[in-house]
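**Q** File my_file.tsv below, TSV, C-alpha atoms:
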```tsv
chain	number	residue	atom	x	y	z
A	1	MET	CA	48.18	24.64	138.03
A	2	ALA	CA	49.02	21.33	136.36
A	3	SER	CA	46.25	19.43	134.60
A	4	VAL	CA	44.89	16.35	136.35
A	5	LEU	CA	45.51	14.39	133.14
A	6	SER	CA	49.26	14.98	133.56
A	7	ALA	CA	49.27	12.48	136.46
A	8	ALA	CA	51.43	9.38	135.90
A	9	ARG	CA	48.48	6.95	135.96
A	10	PHE	CA	47.13	8.47	132.74
A	11	HIS	CA	50.34	7.89	130.79
A	12	ASP	CA	52.27	5.03	132.42
A	13	GLU	CA	50.85	1.49	132.42
A	14	ASP	CA	52.62	0.40	135.62
A	15	ALA	CA	51.33	3.50	137.44
A	16	ALA	CA	47.82	2.78	136.10
A	17	TYR	CA	47.87	-0.76	137.52
A	18	THR	CA	49.17	0.51	140.85
A	19	TRP	CA	46.38	3.10	141.01
A	20	VAL	CA	43.59	0.64	140.13
A	21	GLU	CA	44.91	-1.96	142.60
A	22	ALA	CA	44.95	0.65	145.38
A	23	TRP	CA	41.27	1.48	144.77
A	24	LEU	CA	39.89	-1.99	144.10
A	25	TRP	CA	42.12	-3.82	146.60
A	26	PRO	CA	42.38	-1.37	149.55
A	27	ASN	CA	43.25	-4.24	151.90
A	28	GLY	CA	45.52	-6.13	149.53
A	29	PRO	CA	44.99	-8.51	146.58
A	30	VAL	CA	41.90	-10.74	146.54
A	31	CYS	CA	41.67	-13.79	144.29
A	32	PRO	CA	38.62	-13.37	142.00
A	33	HIS	CA	38.43	-17.15	141.54
A	34	CYS	CA	38.20	-18.41	145.14
A	35	GLY	CA	38.14	-15.25	147.30
A	36	GLU	CA	41.49	-15.96	148.98
A	37	CYS	CA	43.26	-12.87	150.33
A	38	GLU	CA	46.13	-14.33	152.38
A	39	ARG	CA	48.04	-16.87	150.32
A	40	ILE	CA	48.73	-14.65	147.32
A	41	VAL	CA	52.07	-13.79	145.72
A	42	LYS	CA	52.91	-11.34	142.98
A	43	LEU	CA	54.70	-12.84	139.98
A	44	ALA	CA	57.09	-9.91	139.57
A	45	GLY	CA	59.54	-10.60	136.77
A	46	LYS	CA	58.06	-14.07	136.19
A	47	SER	CA	55.33	-13.08	133.74
A	48	THR	CA	55.22	-11.02	130.58
A	49	ARG	CA	51.95	-9.48	131.75
A	50	ARG	CA	51.78	-6.56	134.17
A	51	GLY	CA	50.32	-6.92	137.63
A	52	VAL	CA	49.95	-10.71	137.62
A	53	HIS	CA	49.37	-12.41	140.99
A	54	LYS	CA	48.99	-16.07	141.83
A	55	CYS	CA	46.72	-17.62	144.42
A	56	ARG	CA	48.35	-20.47	146.33
A	57	SER	CA	44.93	-21.85	147.29
A	58	CYS	CA	43.40	-22.39	143.85
A	59	ARG	CA	46.76	-22.07	142.04
A	60	LYS	CA	45.31	-19.73	139.43
A	61	PRO	CA	46.95	-16.51	138.17
A	62	PHE	CA	44.94	-13.30	138.05
A	63	ARG	CA	45.16	-9.53	137.68
A	64	VAL	CA	43.13	-6.72	139.13
A	65	THR	CA	41.29	-6.46	135.79
A	66	VAL	CA	39.70	-9.95	136.13
A	67	GLY	CA	35.94	-9.69	136.67
A	68	THR	CA	35.82	-6.00	135.74
A	69	ILE	CA	34.97	-3.97	132.65
A	70	PHE	CA	38.72	-4.00	131.85
A	71	GLU	CA	38.96	-7.79	131.52
A	72	ALA	CA	40.27	-9.14	128.19
A	73	SER	CA	40.58	-5.60	126.79
A	74	HIS	CA	43.41	-4.83	124.37
A	75	ILE	CA	43.16	-1.12	125.24
A	76	PRO	CA	45.95	-0.12	127.70
A	77	LEU	CA	44.70	0.47	131.24
A	78	HIS	CA	46.04	4.03	131.34
A	79	GLN	CA	43.81	4.87	128.35
A	80	TRP	CA	40.83	3.39	130.19
A	81	LEU	CA	41.58	5.77	133.07
A	82	GLN	CA	41.79	8.69	130.64
A	83	ALA	CA	38.41	7.78	129.17
A	84	ILE	CA	36.80	7.45	132.62
A	85	HIS	CA	38.14	10.86	133.66
A	86	LEU	CA	36.95	12.51	130.43
A	87	MET	CA	33.44	11.06	130.70
A	88	CYS	CA	33.18	11.99	134.39
A	89	SER	CA	34.48	15.54	133.99
A	90	SER	CA	32.41	16.51	130.92
A	91	LYS	CA	29.04	17.78	132.12
A	92	LYS	CA	27.17	16.78	128.97
A	93	GLY	CA	29.24	13.75	128.04
A	94	VAL	CA	31.90	12.89	125.46
A	95	SER	CA	30.97	11.45	122.09
A	96	THR	CA	32.42	8.22	120.72
A	97	HIS	CA	34.06	10.15	117.88
A	98	GLN	CA	35.74	12.46	120.42
A	99	LEU	CA	37.12	9.51	122.41
A	100	HIS	CA	38.24	7.91	119.15
A	101	ARG	CA	40.23	11.03	118.23
A	102	MET	CA	41.61	11.86	121.66
A	103	LEU	CA	42.67	8.34	122.68
A	104	GLY	CA	43.86	7.26	119.25
A	105	ILE	CA	41.84	4.04	119.28
A	106	GLY	CA	39.40	2.59	116.76
A	107	LEU	CA	35.87	3.96	116.51
A	108	LYS	CA	34.29	0.62	117.40
A	109	ALA	CA	36.65	0.22	120.36
A	110	ALA	CA	35.78	3.74	121.58
A	111	TRP	CA	32.04	2.98	121.33
A	112	PHE	CA	32.40	-0.26	123.29
A	113	LEU	CA	34.69	1.36	125.86
A	114	SER	CA	32.21	4.16	126.52
A	115	HIS	CA	29.34	1.71	127.06
A	116	ARG	CA	31.41	-0.31	129.50
A	117	ILE	CA	32.11	2.86	131.48
A	118	ARG	CA	28.41	3.75	131.51
A	119	GLU	CA	27.71	0.28	132.86
A	120	ALA	CA	30.21	0.98	135.67
A	121	MET	CA	28.27	4.15	136.49
A	122	ARG	CA	25.00	2.26	136.99
A	123	GLY	CA	23.95	1.97	140.62
A	124	GLY	CA	23.01	-1.28	142.32
A	125	GLU	CA	20.45	-1.73	145.05
A	126	LEU	CA	19.69	1.75	146.43
A	127	PRO	CA	17.84	2.85	149.60
A	128	LEU	CA	14.53	4.66	149.40
A	129	MET	CA	14.77	8.33	148.54
A	130	SER	CA	14.24	11.04	151.17
A	131	GLY	CA	12.14	10.49	154.33
A	132	PRO	CA	10.42	12.65	157.00
A	133	ASN	CA	10.21	16.29	155.80
A	134	GLY	CA	12.10	15.31	152.64
A	135	ILE	CA	10.97	16.38	149.16
A	136	VAL	CA	11.16	14.36	145.95
A	137	GLU	CA	10.21	15.86	142.59
A	138	ALA	CA	8.80	13.61	139.87
A	139	ASP	CA	8.57	14.55	136.22
A	140	GLU	CA	8.53	12.92	132.81
A	141	THR	CA	9.97	13.87	129.45
A	142	TYR	CA	10.03	12.46	125.93
A	143	LEU	CA	13.07	12.06	123.68
A	144	TRP	CA	13.13	11.14	119.98
A	145	GLN	CA	10.81	8.74	118.24
A	146	SER	CA	10.59	5.28	119.77
A	147	ASP	CA	12.08	2.36	117.86
A	148	LYS	CA	8.82	0.50	118.52
A	149	VAL	CA	5.45	1.40	117.02
A	150	LYS	CA	3.11	1.85	119.96
A	151	PRO	CA	-0.69	1.53	119.83
A	152	ARG	CA	-2.46	4.88	119.67
A	153	ASN	CA	-3.35	6.39	123.06
A	154	LYS	CA	-6.62	8.33	122.76
A	155	HIS	CA	-5.70	10.45	125.81
A	156	LEU	CA	-2.56	11.87	124.14
A	157	PRO	CA	-2.52	14.58	121.43
A	158	PRO	CA	-2.18	13.45	117.80
A	159	PRO	CA	0.99	13.99	115.74
A	160	THR	CA	1.69	17.58	114.71
A	161	LYS	CA	0.84	18.98	111.28
A	162	GLY	CA	4.52	18.89	110.36
A	163	GLY	CA	4.43	15.11	110.54
A	164	LYS	CA	6.35	14.84	113.81
A	165	VAL	CA	5.20	12.22	116.27
A	166	GLY	CA	3.35	13.13	119.43
A	167	PRO	CA	4.51	12.07	122.93
A	168	GLY	CA	2.71	8.74	122.57
A	169	GLN	CA	5.24	7.61	119.94
A	170	LYS	CA	8.35	8.94	121.70
A	171	ARG	CA	10.67	7.36	124.25
A	172	ALA	CA	9.28	8.10	127.69
A	173	ILE	CA	11.61	8.91	130.60
A	174	VAL	CA	10.57	9.38	134.22
A	175	SER	CA	12.92	10.92	136.79
A	176	LEU	CA	12.75	11.23	140.56
A	177	VAL	CA	14.89	14.07	141.91
A	178	GLU	CA	15.52	14.41	145.63
A	179	ARG	CA	15.58	18.10	146.56
A	180	GLY	CA	19.27	18.96	146.99
A	181	GLY	CA	20.26	15.32	146.54
A	182	SER	CA	20.29	12.49	144.03
A	183	VAL	CA	18.30	11.59	140.91
A	184	ARG	CA	16.99	8.28	139.55
A	185	SER	CA	15.82	8.03	135.95
A	186	PHE	CA	13.84	5.30	134.24
A	187	HIS	CA	13.20	4.59	130.59
A	188	VAL	CA	9.64	3.27	130.56
A	189	GLU	CA	7.42	1.78	127.88
A	190	ASN	CA	4.59	4.16	128.74
A	191	ALA	CA	4.37	7.05	131.18
A	192	ASP	CA	1.02	6.19	132.75
A	193	LYS	CA	-0.49	5.87	136.23
A	194	ALA	CA	0.44	2.22	136.69
A	195	THR	CA	4.07	2.86	135.81
A	196	ILE	CA	4.32	5.96	138.00
A	197	ASN	CA	2.78	4.16	140.97
A	198	GLN	CA	5.26	1.31	140.63
A	199	ILE	CA	8.25	3.67	140.39
A	200	VAL	CA	7.18	5.86	143.33
A	201	ALA	CA	6.32	2.89	145.55
A	202	GLY	CA	9.64	1.19	144.87
A	203	ASN	CA	11.93	4.22	145.24
A	204	VAL	CA	10.37	6.86	147.52
A	205	ALA	CA	9.94	6.58	151.30
A	206	ARG	CA	6.36	6.72	152.57
A	207	GLU	CA	7.05	9.82	154.75
A	208	THR	CA	8.15	11.94	151.77
A	209	ARG	CA	6.46	14.96	150.18
A	210	LEU	CA	6.09	14.47	146.42
A	211	HIS	CA	6.09	17.47	144.07
A	212	THR	CA	4.83	17.15	140.49
A	213	ASP	CA	3.12	19.17	137.80
A	214	GLU	CA	-0.61	18.88	137.13
A	215	SER	CA	-0.33	15.77	134.93
A	216	ARG	CA	-3.05	13.19	135.69
A	217	ILE	CA	-0.55	10.30	135.70
A	218	TYR	CA	0.44	11.36	139.25
A	219	ASN	CA	-3.11	11.41	140.62
A	220	ASP	CA	-2.71	8.13	142.53
A	221	ALA	CA	0.76	8.94	143.92
A	222	LEU	CA	-0.72	9.98	147.28
A	223	GLN	CA	-1.21	6.28	148.04
A	224	HIS	CA	2.58	5.93	148.37
A	225	VAL	CA	3.72	9.22	149.98
A	226	SER	CA	2.64	11.39	152.91
A	227	LYS	CA	1.74	14.43	150.80
A	228	HIS	CA	1.37	15.10	147.07
A	229	GLU	CA	1.66	18.76	146.06
A	230	THR	CA	1.47	20.14	142.53
A	231	VAL	CA	2.11	23.27	140.48
A	232	CYS	CA	0.00	24.10	137.42
A	233	HIS	CA	2.37	24.76	134.52
A	234	SER	CA	-0.49	25.20	132.05
A	235	ALA	CA	-1.67	28.21	134.07
A	236	GLY	CA	1.82	29.73	134.22
A	237	GLU	CA	2.47	28.61	137.79
A	238	TYR	CA	5.98	27.24	138.33
A	239	VAL	CA	6.69	27.97	142.01
A	240	ARG	CA	4.36	28.25	145.00
A	241	GLY	CA	6.27	28.55	148.24
A	242	ASP	CA	8.67	25.61	148.26
A	243	ILE	CA	6.51	23.62	145.83
A	244	HIS	CA	8.07	23.26	142.37
A	245	THR	CA	9.65	20.79	139.95
A	246	ASN	CA	12.57	23.03	138.98
A	247	SER	CA	15.20	20.49	140.08
A	248	ALA	CA	13.75	17.87	137.74
A	249	GLU	CA	13.43	20.42	134.93
A	250	GLY	CA	17.08	21.41	135.43
A	251	TYR	CA	18.19	17.79	135.23
A	252	PHE	CA	16.23	17.25	132.01
A	253	SER	CA	17.79	20.42	130.59
A	254	VAL	CA	21.33	19.05	130.99
A	255	PHE	CA	20.28	15.57	129.84
A	256	LYS	CA	18.62	16.75	126.63
A	257	ARG	CA	21.45	19.13	125.74
A	258	GLY	CA	23.88	16.27	126.13
A	259	MET	CA	21.83	13.78	124.14
A	260	LYS	CA	20.97	16.16	121.30
A	261	GLY	CA	24.17	18.23	121.22
A	262	ILE	CA	26.87	15.66	122.06
A	263	TYR	CA	25.58	12.17	121.34
A	264	GLN	CA	23.00	13.15	118.68
A	265	HIS	CA	21.82	9.55	118.31
A	266	CYS	CA	21.05	6.71	120.70
A	267	ALA	CA	19.44	3.35	120.00
A	268	GLU	CA	16.53	2.85	122.38
A	269	ARG	CA	18.00	-0.39	123.76
A	270	HIS	CA	20.99	1.62	125.07
A	271	LEU	CA	19.03	4.56	126.52
A	272	HIS	CA	19.12	3.17	130.08
A	273	ARG	CA	22.94	3.37	130.06
A	274	TYR	CA	22.95	6.99	128.92
A	275	LEU	CA	20.48	7.77	131.71
A	276	ALA	CA	22.82	6.05	134.16
A	277	GLU	CA	25.68	8.27	132.95
A	278	PHE	CA	23.76	11.52	133.47
A	279	ASP	CA	22.36	10.29	136.78
A	280	PHE	CA	25.87	9.43	137.97
A	281	ARG	CA	27.29	12.87	137.18
A	282	HIS	CA	24.32	14.58	138.83
A	283	ASN	CA	24.66	12.42	141.94
A	284	HIS	CA	28.40	13.17	142.15
A	285	ARG	CA	28.36	16.89	141.38
A	286	ILE	CA	30.32	19.83	142.74
A	287	ARG	CA	27.29	21.02	144.76
A	288	LEU	CA	27.60	17.81	146.80
A	289	GLY	CA	31.35	18.33	147.32
A	290	VAL	CA	32.52	15.93	144.59
A	291	ASP	CA	35.14	17.24	142.13
A	292	ASP	CA	36.20	15.68	138.81
A	293	GLY	CA	38.87	13.45	140.34
A	294	MET	CA	36.57	12.15	143.08
A	295	ARG	CA	33.86	11.51	140.50
A	296	ALA	CA	36.25	9.46	138.35
A	297	ASN	CA	37.35	7.46	141.40
A	298	ALA	CA	33.71	6.76	142.28
A	299	ALA	CA	33.15	5.44	138.75
A	300	LEU	CA	36.26	3.27	139.11
A	301	LEU	CA	34.74	1.58	142.16
A	302	GLY	CA	31.81	0.47	140.00
A	303	VAL	CA	33.83	-1.51	137.44
A	304	VAL	CA	33.76	-4.81	139.37
A	305	GLY	CA	31.30	-7.48	138.25
A	306	LYS	CA	30.02	-5.49	135.28
A	307	ARG	CA	31.88	-6.94	132.35
A	308	LEU	CA	30.13	-6.55	128.98
A	309	THR	CA	30.86	-8.68	125.92
A	310	TYR	CA	29.94	-8.28	122.27
A	311	GLN	CA	28.15	-11.62	122.47
A	312	THR	CA	26.46	-13.25	125.43
A	313	THR	CA	28.83	-15.67	127.13
A	314	HIS	CA	27.75	-19.26	127.75
```
I'd like the structure from this file rewritten - as structure tokens, please.
**A**
Amino acid sequence: MASVLSAARFHDEDAAYTWVEAWLWPNGPVCPHCGECERIVKLAGKSTRRGVHKCRSCRKPFRVTVGTIFEASHIPLHQWLQAIHLMCSSKKGVSTHQLHRMLGIGLKAAWFLSHRIREAMRGGELPLMSGPNGIVEADETYLWQSDKVKPRNKHLPPPTKGGKVGPGQKRAIVSLVERGGSVRSFHVENADKATINQIVAGNVARETRLHTDESRIYNDALQHVSKHETVCHSAGEYVRGDIHTNSAEGYFSVFKRGMKGIYQHCAERHLHRYLAEFDFRHNHRIRLGVDDGMRANAALLGVVGKRLTYQTTH
């Protein structure tokens, strides 16, 4: 069976433009400047740039890359598609060094490219999770020492004897996992009751059953859901009937193996994009009928309106 990466769009620039246009312009070209979709002509043979169109309304030229993460990039579009496919098909991610070696581009370019792709994976406005008879699991985890020195929390254990910081000085992450469905993860300043209440109220439907461990930060969650059920991990209880947080624990398992084994380092200001990457792959997994190619195409649909620049534009 031939590899997916042997497809023409991954090696030929014209085929790459044709592929991206088919996905981003399913009903034909649309001018990104004025929104015109009728009076548009393709400047075939009249421009040195590939895929250039001209709008007869605003009289401005444009390509399918305008207004996307591909805009003003010197990296060929077919290499962008390769990078998207690699990041979408690797369960625990692909490091910047690996992209640098495989694509034959500079290390800085590979780092910036990967962050643009993670931005494309970030979801927009999402509906509330679950509903009547639905189950959402909530759990928190801590990863690496925070870049910020936080005030001491008397309710959290002190640093260990080996000098390592306790959870109060680590980066806190809260995830909501819909049983058999999607996940939403949040990098929060502090994992406390106020933060949990805000996250649950803004993302979980009122008719939902919420499953957590015995942590006290979830004690007020019943105000926002129909039923709050817990398992007591400290007593060795992990499953009681259909009550458990195993889905959330499984997600954290993949996330931490990817962050520690593949990426190894992440500045705290970029953590939300790495969470978006792992959330995206979980929400477009094989169990939900999404293969590697479909996952890459779903990421491609998210490139519009998410251009990142090294410096803030004015």
**Q** Counting all atoms listed in the file, figure out which residue out of A:Thr245, A:His85, A:Ala296, A:Glu277 gets nearest to Leu5 of chain A.
**A**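 Answer, going by the shortest atom-to-atom distance: A:His85.
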**Q** A:Arg269, A:Trp111, A:Gly134, A:Leu128: which is nearest Arg171 of chain A, counting all atoms listed in the file?
**A**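 That would be A:Arg269, the residue with the smallest distance to Arg171 of chain A.
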**Q** Quick one: residues within 9 Å of Ser90 of chain A, all atoms listed in the file, excluding same-chain residues fewer than 4 positions away - as a list in words?
**A**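 The residues that qualify are His85, Leu86, Val94, Arg281 and Asp292 of chain A.
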**Q** In the coordinate frame of the file, compute which residues have an atom within 6 Å of (23.7, 10.8, 142.9) when using all atoms listed in the file, and state them as a VMD selection string.
**A** chain A and resid 182 to 183 280 282 to 284
**Q** Would you mind telling me which residue in A:Asn133, A:Asn197, A:Ser95, A:Gln223 lies nearest to Gly258 of chain A when using all atoms listed in the file?
**A**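 Of the candidates, the smallest distance to Gly258 of chain A is held by A:Ser95.
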**Q** Need to verify the contact set: segment 118-123 of chain A, 9 Å, all atoms listed in the file, exclusion of same-chain residues closer than 6 positions in sequence. Can you return it as an MDAnalysis selection string?
**A** chainID A and resid 68:69 87 273:277 279:281 298:308
**Q** Looking at A:Ser89, A:Ser175, A:Ser185, A:Asn203, which one is nearest to Gly131 of chain A, with distances taken over all atoms listed in the file?
**A**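 Closest candidate: A:Asn203.
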**Q** List the spatial neighbours of Gly35 of chain A as a short mmCIF file (atom, residue, chain, number, x, y, z; two decimals) with C-alpha atoms, keeping the file's coordinate frame - criterion: any atom at most 12 Å away, all atoms listed in the file, same-chain residues fewer than 6 positions off excluded.
**A**
```cif
data_model
loop_
_atom_site.label_atom_id
_atom_site.label_comp_id
_atom_site.auth_asym_id
_atom_site.auth_seq_id
_atom_site.Cartn_x
_atom_site.Cartn_y
_atom_site.Cartn_z
CA GLY A 28 45.52 -6.13 149.53
CA PRO A 29 44.99 -8.51 146.58
CA CYS A 55 46.72 -17.62 144.42
CA ARG A 56 48.35 -20.47 146.33
CA SER A 57 44.93 -21.85 147.29
CA CYS A 58 43.40 -22.39 143.85
CA LYS A 60 45.31 -19.73 139.43
CA PHE A 62 44.94 -13.30 138.05
#
```
**Q** Any idea what the distance is between atom CA of Ser215 of chain A and atom CA of Cys232 of chain A?
**A** 8.7 Å
**Q** I'd like to know which of A:Ala194, A:Ile243, A:Ile286, A:Met129 is closest to Val231 of chain A, using only C-alpha atoms.
**A**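 Using only C-alpha atoms, the shortest distance to Val231 of chain A belongs to A:Ile243.
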**Q** Between atom CA of Ser130 of chain A and atom CA of Phe252 of chain A, what is the spacing in Å?
**A**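 Those two atoms sit 20.2 Å apart.
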**Q** Between A:His233, A:His270, A:Lys256, A:Arg116, which is the closest to Gly93 of chain A once you count all atoms listed in the file?
**A**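 When distances to Gly93 of chain A are compared using all atoms listed in the file, the smallest one comes from A:Lys256.
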**Q** Select, counting all atoms listed in the file, all protein, DNA and RNA residues no farther than 12 Å from (35.1, 8.9, 123.2) in file coordinates, and express the selection as a PyMOL selection string.
**A** chain A and resi 79-80+82-88+90+93-118+262-263
**Q** Could you tell me how far atom CA of Tyr251 of chain A sits from atom CA of Cys266 of chain A, in Å to one decimal place?
**A**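 It comes out at 18.5 Å.
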**Q** Can you pull out the residues contacting Val204 of chain A? Cut-off 9 Å, using only C-alpha atoms, and skip same-chain residues under 2 positions away; I want them as a PyMOL selection string.
**A** chain A and resi 127-131+136+176+199-202+206-208+210+224-225
**Q** So that I can see what lies close to Asp12 of chain A, please list as a list of chain:residue names the residues with an atom at most 10 Å from it, counting all atoms listed in the file and leaving out residues fewer than 6 positions away in the same chain.
**A**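 Non-adjacent residues within range: A:Pro76, A:Leu77, A:His78, A:Gln79.
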